[in-house]
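Engineer: Supplied in structure tokens, the structure appears directly below.
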Amino acid sequence: MLFTLFWTFFKIGLFTFGGGYAMIPFIHQYAVEKYKWITDDEFLDIIAIAESTPGPIAINSATYIGYKVKGVGGSALATLGVVLPSIVIITLIAAFFMQFKDNVYVEYTFKGIRIGVAILVLNAAIRMYKKLDKNLLSFFLILVGFGLILFEILPVIYVILIGGITGIIYQLVKVRGEDNV
Amino acid sequence: MFSLLWELFITFFKIGIFTFGGGYAMIPLITEEVVAKNWLETSRLIDFIAISESTPGPFAINISTFIGYNQAGILGAIFATFGVVLPSFIIIIIIAKAFHKFATNKFVVGFLRGVKPVVVGVIFSVAITFLLKSIFDLSVLDILNVDFRWSTLIIFAVVFAMTRIWKKIHPIFIVLVSGIMGLIIYGLIL
């Protein structure tokens with residue numbers, strides 16, 4: 001059982017390219033359909049958990065499913081499984097990259113790729129913007145986050161905390177307002 | 001050596017705590033830390049991001065492993081990755097039993113209500129920073145020194161149009177196409 005857990009997440013780590021969201025269908029296929037470790041409802045919880053807790057979705061889901069199956073030990077094995085392929089593959093690639101990074105043609109290629117990556121980040125921002133609730137608070141906070149970081153006024157962590165604290169104040173004031181009605 | 005490993009662990013632990021909203025939300029934190037500590041220049045970091053997007057495994061783990069390896073070899077890779085994983089691991093184990101209570105707590109709901117939009121703004125600004133750096137090789141703070149070249153804008157225009165037309169396109173293809181265009185434009189034309 002523990003080995004199956006490890007092996008399943010190892011495969012998920014090995015065959016997922018890109019962000020953690022690409023992993024969701026795989027996780028459903030194995031953890032819900034094949035091994036029945038979690039129910040469909042719990043699966044939906046995982047997505048909600050991943051969106052409401054810090055950290056990569058891959059790690060959040062491995063830890064959660066591992067915990068449901070076999071407690072803390074299960075969590076550790078599932079997480080190790082999902083992380084291990086990356087450590088091996090990236091270490092090999094990093095060693096290889098260091099050999100070739102100063103080659104002039106590699107540099108030309110990466111000059112193009114850097115523009116591609118900037119576009120990937122821009123598209124991620126657009127995608128996340130579309131998923132937001134649109135209201136005055138969120139437009140205000142987008143501008144705050146954008147301006148403070150673009151002009152290097154505050155470190156990212158403080159900016160995130162400013163957003164979180166503003167959100168909490170808004171929530172408390174709003175909930176109290178609704179209670180009064 | 002041990003102090004560097006410890007610094008990698010702590011830095012990535014901090015990044016892990018403050019990453020809300022998936023791998024891309026990690027990029028602003030990583031950029032800030034890595035550039036401030038002089039571990040990498042912005043353009044080299046973007047190369048690492050490209051490779052981490054186009055290799056198997058979650059992006060967040062790949063980029064942490066890559067930076068850790070670059071700083072301190074295989075042990076560095078392990079310490080950085082362990083650092084970025086640990087906060088999620090601890091938090092999930094704490095809330096796994098009472099997730100619904102956690103998810104409906106008014107402080108959690110309020111916190112996320114504010115964090116989500118602010119993170120979107122932060123990622124937009126990092127996208128602008130990366131675009132300025134990769135197209136014009138300059139930063140926001142010295143924008144008046146712009147060295148304008150049409151040819152680099154072509155890569156941006158083509159790749160951006162491609163991603164807008166074909167919305168489900170995988171990051172690997174974007175990396176491939178922009179790399180080939182870079183090789184042709186910088187290598188043969190410029």
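By convention in this document, the chains of the structure tokens carry letters A, B, ... by their order, each chain's residues are numbered from 1, and ligands are numbered from 1 in the order they are shown.
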Using only C-alpha atoms, determine which residues lie at most 8 Å from Phe9 (chain A), disregarding the query and same-chain residues fewer than 4 positions distant; provide the list as a list in words.
Structural biologist: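 With the cut-off at 8 Å, the set is Leu5, Gly13, Ala62, Ala78, Thr79, Gly81 and Val82 of chain A.
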Engineer: Using only C-alpha atoms, which of the listed residues (A:Ile27, A:Thr4, A:Tyr170, A:Val32) sits closest to Ser61 (chain A)?
Structural biologist: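 Comparing A:Ile27, A:Thr4, A:Tyr170, A:Val32 against Ser61 (chain A), the winner is A:Ile27.
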Engineer: Quick one: residues within 12 Å of Pro155 (chain A), only C-alpha atoms counted, chain neighbours fewer than 5 positions away excluded, as number ranges by chain?
Structural biologist: A: 145, 147-150, 160-162; B: 18, 28-33, 36, 122
Engineer: Take the residues from that selection and write them out as a PDB file, in the first residue's frame, keeping C-alpha atoms.
Structural biologist:
```
ATOM      1  CA  GLY A 145       0.252  44.924  -6.100  1.00  0.00           C
ATOM      2  CA  GLY A 147       2.584  49.481  -8.561  1.00  0.00           C
ATOM      3  CA  LEU A 148       4.416  48.478  -5.398  1.00  0.00           C
ATOM      4  CA  ILE A 149       6.331  45.698  -7.163  1.00  0.00           C
ATOM      5  CA  LEU A 150       6.915  47.398 -10.526  1.00  0.00           C
ATOM      6  CA  ILE A 160       0.959  39.912  -0.132  1.00  0.00           C
ATOM      7  CA  LEU A 161       0.401  40.652   3.562  1.00  0.00           C
ATOM      8  CA  ILE A 162      -1.066  44.085   2.733  1.00  0.00           C
TER       9      ILE A 162
ATOM     10  CA  PHE B  18       3.940  32.963   0.614  1.00  0.00           C
ATOM     11  CA  PRO B  28       7.831  37.137  -8.141  1.00  0.00           C
ATOM     12  CA  LEU B  29       9.091  35.796  -4.800  1.00  0.00           C
ATOM     13  CA  ILE B  30      11.884  33.796  -6.392  1.00  0.00           C
ATOM     14  CA  THR B  31      12.958  36.684  -8.630  1.00  0.00           C
ATOM     15  CA  GLU B  32      13.192  39.052  -5.690  1.00  0.00           C
ATOM     16  CA  GLU B  33      15.138  36.679  -3.421  1.00  0.00           C
ATOM     17  CA  ALA B  36      18.748  40.363  -4.077  1.00  0.00           C
ATOM     18  CA  VAL B 122       2.269  41.396  -8.609  1.00  0.00           C
TER      19      VAL B 122
END
```
Engineer: With a distance cut-off of 8 Å and only C-alpha atoms, select the neighbouring residues of Ile87 (chain A), excluding the residue or stretch itself and same-chain residues fewer than 2 positions from it, and output the selection as a PyMOL selection string.
Structural biologist: (chain A and resi 83-85+89-91) or (chain B and resi 61-62+65+77-78)
Engineer: Next, dump the selected residues to file, keeping only all heavy atoms, as a compact mmCIF listing (two decimals), in the first residue's frame.
Structural biologist:
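Written output follows (again07.txt):
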```
# COMPACT_ATOMS: atom_id res chain seq x y z
N VAL A 83 8.14 14.53 -5.76
CA VAL A 83 9.29 15.43 -5.85
C VAL A 83 10.50 14.77 -6.51
O VAL A 83 11.27 15.40 -7.22
CB VAL A 83 9.65 15.92 -4.42
CG1 VAL A 83 11.03 16.51 -4.37
CG2 VAL A 83 8.62 16.92 -3.93
N LEU A 84 10.64 13.46 -6.28
CA LEU A 84 11.85 12.75 -6.69
C LEU A 84 12.19 12.85 -8.19
O LEU A 84 13.35 13.12 -8.53
CB LEU A 84 11.77 11.30 -6.23
CG LEU A 84 13.09 10.62 -5.90
CD1 LEU A 84 13.91 11.41 -4.88
CD2 LEU A 84 12.85 9.20 -5.39
N PRO A 85 11.21 12.64 -9.09
CA PRO A 85 11.57 12.73 -10.51
C PRO A 85 12.16 14.09 -10.86
O PRO A 85 13.15 14.17 -11.59
CB PRO A 85 10.23 12.53 -11.24
CG PRO A 85 9.36 11.84 -10.27
CD PRO A 85 9.79 12.29 -8.91
N ILE A 89 15.79 14.61 -12.60
CA ILE A 89 15.83 15.14 -13.97
C ILE A 89 16.48 16.52 -14.00
O ILE A 89 17.35 16.81 -14.83
CB ILE A 89 14.41 15.19 -14.57
CG1 ILE A 89 13.88 13.76 -14.75
CG2 ILE A 89 14.41 15.92 -15.91
CD1 ILE A 89 12.40 13.69 -15.07
N ILE A 90 16.06 17.40 -13.09
CA ILE A 90 16.61 18.76 -13.10
C ILE A 90 18.10 18.77 -12.78
O ILE A 90 18.86 19.53 -13.37
CB ILE A 90 15.83 19.66 -12.12
CG1 ILE A 90 14.41 19.91 -12.64
CG2 ILE A 90 16.55 20.99 -11.90
CD1 ILE A 90 14.32 20.78 -13.87
N THR A 91 18.52 17.91 -11.87
CA THR A 91 19.95 17.85 -11.56
C THR A 91 20.75 17.48 -12.80
O THR A 91 21.78 18.11 -13.10
CB THR A 91 20.20 16.83 -10.43
OG1 THR A 91 19.46 17.24 -9.29
CG2 THR A 91 21.66 16.76 -10.06
N ILE B 61 8.70 22.77 -7.97
CA ILE B 61 9.77 21.87 -7.53
C ILE B 61 10.98 21.98 -8.46
O ILE B 61 12.12 22.05 -8.01
CB ILE B 61 9.27 20.40 -7.50
CG1 ILE B 61 8.00 20.28 -6.66
CG2 ILE B 61 10.35 19.46 -6.98
CD1 ILE B 61 8.14 20.78 -5.26
N ASN B 62 10.70 22.02 -9.75
CA ASN B 62 11.79 22.10 -10.73
C ASN B 62 12.64 23.35 -10.52
O ASN B 62 13.86 23.28 -10.51
CB ASN B 62 11.23 22.11 -12.15
CG ASN B 62 10.61 20.78 -12.53
OD1 ASN B 62 10.79 19.80 -11.82
ND2 ASN B 62 9.89 20.75 -13.63
N THR B 65 14.70 23.13 -7.30
CA THR B 65 15.81 22.20 -7.49
C THR B 65 16.93 22.84 -8.32
O THR B 65 18.11 22.74 -7.99
CB THR B 65 15.32 20.92 -8.19
OG1 THR B 65 14.25 20.36 -7.44
CG2 THR B 65 16.42 19.90 -8.31
N ALA B 77 20.26 21.36 -4.16
CA ALA B 77 18.98 21.02 -4.78
C ALA B 77 18.04 20.42 -3.73
O ALA B 77 16.86 20.78 -3.65
CB ALA B 77 19.20 20.04 -5.93
N ILE B 78 18.57 19.52 -2.92
CA ILE B 78 17.73 18.85 -1.92
C ILE B 78 17.27 19.83 -0.84
O ILE B 78 16.09 19.86 -0.48
CB ILE B 78 18.50 17.65 -1.30
CG1 ILE B 78 18.68 16.56 -2.38
CG2 ILE B 78 17.76 17.10 -0.08
CD1 ILE B 78 19.62 15.45 -1.99
```
Engineer: Nearest residue to Asn70 (chain B) out of A:Ala95, A:Ile165, A:Met1, A:Ile65, using only C-alpha atoms?
Structural biologist: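 Comparing A:Ala95, A:Ile165, A:Met1, A:Ile65 against Asn70 (chain B), the winner is A:Ala95.
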Engineer: Name all residues at most 12 Å from Phe140 (chain A) (count only C-alpha atoms; drop same-chain ones fewer than 4 positions away) and give them as JSON, numbers by chain.
Structural biologist: {"A": [134, 135, 136, 144, 145, 146, 147, 162, 163, 166, 167], "B": [114, 115, 116, 117, 118, 120, 121]}
Engineer: So which bits of region 7-172 of chain B end up helix (DSSP H, G or I) when you DSSP the backbone, as a ChimeraX atom specification?
Structural biologist: /B:7-17,23-36,42-53,59-104,106-136,140-145,150-165,171-172
Engineer: Quick one: residues within 8 Å of Met181 (chain B), only C-alpha atoms, excluding same-chain residues fewer than 2 positions away - as number ranges by chain?
Structural biologist: A: 109, 112; B: 155, 177-179, 183-185
Engineer: Produce a file of the selected residues containing all heavy atoms, as a PDB file, in the first residue's frame.
Structural biologist:
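Contents of part-v5.pdb, freshly written:
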```pdb
ATOM      1  N   THR A 109      19.565  31.336 -28.640  1.00  0.00           N
ATOM      2  CA  THR A 109      18.303  30.617 -28.445  1.00  0.00           C
ATOM      3  C   THR A 109      17.618  31.101 -27.167  1.00  0.00           C
ATOM      4  O   THR A 109      16.415  31.387 -27.160  1.00  0.00           O
ATOM      5  CB  THR A 109      18.572  29.098 -28.362  1.00  0.00           C
ATOM      6  OG1 THR A 109      19.341  28.720 -29.491  1.00  0.00           O
ATOM      7  CG2 THR A 109      17.282  28.310 -28.333  1.00  0.00           C
ATOM      8  N   GLY A 112      15.798  34.390 -27.257  1.00  0.00           N
ATOM      9  CA  GLY A 112      14.425  34.266 -27.756  1.00  0.00           C
ATOM     10  C   GLY A 112      13.506  33.670 -26.699  1.00  0.00           C
ATOM     11  O   GLY A 112      12.400  34.155 -26.474  1.00  0.00           O
TER      12      GLY A 112
ATOM     13  N   ILE B 155       9.658  38.769 -32.253  1.00  0.00           N
ATOM     14  CA  ILE B 155       9.486  37.531 -31.477  1.00  0.00           C
ATOM     15  C   ILE B 155       8.303  37.687 -30.533  1.00  0.00           C
ATOM     16  O   ILE B 155       7.430  36.824 -30.440  1.00  0.00           O
ATOM     17  CB  ILE B 155      10.763  37.191 -30.664  1.00  0.00           C
ATOM     18  CG1 ILE B 155      11.968  37.099 -31.601  1.00  0.00           C
ATOM     19  CG2 ILE B 155      10.572  35.882 -29.883  1.00  0.00           C
ATOM     20  CD1 ILE B 155      13.256  36.743 -30.890  1.00  0.00           C
ATOM     21  N   VAL B 177       9.238  27.558 -29.869  1.00  0.00           N
ATOM     22  CA  VAL B 177       9.083  28.536 -30.952  1.00  0.00           C
ATOM     23  C   VAL B 177       9.920  29.781 -30.674  1.00  0.00           C
ATOM     24  O   VAL B 177      10.645  30.270 -31.556  1.00  0.00           O
ATOM     25  CB  VAL B 177       7.588  28.908 -31.136  1.00  0.00           C
ATOM     26  CG1 VAL B 177       7.450  30.082 -32.098  1.00  0.00           C
ATOM     27  CG2 VAL B 177       6.809  27.706 -31.656  1.00  0.00           C
ATOM     28  N   SER B 178       9.852  30.287 -29.435  1.00  0.00           N
ATOM     29  CA  SER B 178      10.616  31.508 -29.157  1.00  0.00           C
ATOM     30  C   SER B 178      12.122  31.239 -29.203  1.00  0.00           C
ATOM     31  O   SER B 178      12.896  32.110 -29.608  1.00  0.00           O
ATOM     32  CB  SER B 178      10.192  32.122 -27.814  1.00  0.00           C
ATOM     33  OG  SER B 178      10.329  31.185 -26.780  1.00  0.00           O
ATOM     34  N   GLY B 179      12.528  30.017 -28.833  1.00  0.00           N
ATOM     35  CA  GLY B 179      13.951  29.666 -28.925  1.00  0.00           C
ATOM     36  C   GLY B 179      14.434  29.619 -30.360  1.00  0.00           C
ATOM     37  O   GLY B 179      15.482  30.173 -30.700  1.00  0.00           O
ATOM     38  N   LEU B 183      17.206  32.062 -32.115  1.00  0.00           N
ATOM     39  CA  LEU B 183      18.395  31.563 -32.813  1.00  0.00           C
ATOM     40  C   LEU B 183      18.489  32.199 -34.202  1.00  0.00           C
ATOM     41  O   LEU B 183      19.549  32.648 -34.631  1.00  0.00           O
ATOM     42  CB  LEU B 183      18.312  30.033 -32.921  1.00  0.00           C
ATOM     43  CG  LEU B 183      19.528  29.326 -33.483  1.00  0.00           C
ATOM     44  CD1 LEU B 183      20.769  29.616 -32.660  1.00  0.00           C
ATOM     45  CD2 LEU B 183      19.286  27.814 -33.542  1.00  0.00           C
ATOM     46  N   ILE B 184      17.349  32.252 -34.897  1.00  0.00           N
ATOM     47  CA  ILE B 184      17.353  32.815 -36.249  1.00  0.00           C
ATOM     48  C   ILE B 184      17.610  34.329 -36.209  1.00  0.00           C
ATOM     49  O   ILE B 184      18.500  34.843 -36.891  1.00  0.00           O
ATOM     50  CB  ILE B 184      16.002  32.523 -36.958  1.00  0.00           C
ATOM     51  CG1 ILE B 184      15.868  31.009 -37.190  1.00  0.00           C
ATOM     52  CG2 ILE B 184      15.921  33.273 -38.281  1.00  0.00           C
ATOM     53  CD1 ILE B 184      14.495  30.577 -37.655  1.00  0.00           C
ATOM     54  N   ILE B 185      16.846  35.032 -35.370  1.00  0.00           N
ATOM     55  CA  ILE B 185      16.930  36.499 -35.399  1.00  0.00           C
ATOM     56  C   ILE B 185      18.253  37.016 -34.832  1.00  0.00           C
ATOM     57  O   ILE B 185      18.911  37.855 -35.444  1.00  0.00           O
ATOM     58  CB  ILE B 185      15.710  37.110 -34.688  1.00  0.00           C
ATOM     59  CG1 ILE B 185      14.487  36.928 -35.592  1.00  0.00           C
ATOM     60  CG2 ILE B 185      15.940  38.594 -34.392  1.00  0.00           C
ATOM     61  CD1 ILE B 185      13.202  37.451 -35.033  1.00  0.00           C
TER      62      ILE B 185
END
```
Engineer: What is the distance, in Å and to one decimal place, between CA of Pro171 (chain B) and CA of Met98 (chain A)?
Structural biologist: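 Computing it gives 22.5 Å between the two atoms.
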Engineer: Can you tell me how far CA of Leu132 (chain B) sits from CA of Ala118 (chain A), in Å to one decimal?
Structural biologist: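 If I compute the distance from CA of Leu132 (chain B) to CA of Ala118 (chain A), I get 9.0 Å.
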Engineer: When distances are computed from only C-alpha atoms, which of A:Ala31, A:Ala76, A:Ile113, A:Ile38 shows the smallest separation from chain B?
Structural biologist: A:Ile113
Engineer: I'd like the interatomic distance between CA of Ile47 (chain A) and CA of Val159 (chain A), to a tenth of an Å.
Structural biologist: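 One can read the CA of Ile47 (chain A) to CA of Val159 (chain A) distance as 24.9 Å.
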Engineer: Taking only C-alpha atoms into account, name the residue in A:Gly66, A:Pro25, A:Gly74, A:Gly116 that is nearest to chain B.
Structural biologist: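 Answer, going by the shortest atom-to-atom distance: A:Gly116.
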Engineer: Pick the closest to chain A from B:Ile10, B:Gly16, B:Ala80, B:Leu75: which is it, counting only C-alpha atoms?
Structural biologist: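 Once distances to chain A are computed over only C-alpha atoms, the minimum belongs to B:Gly16.
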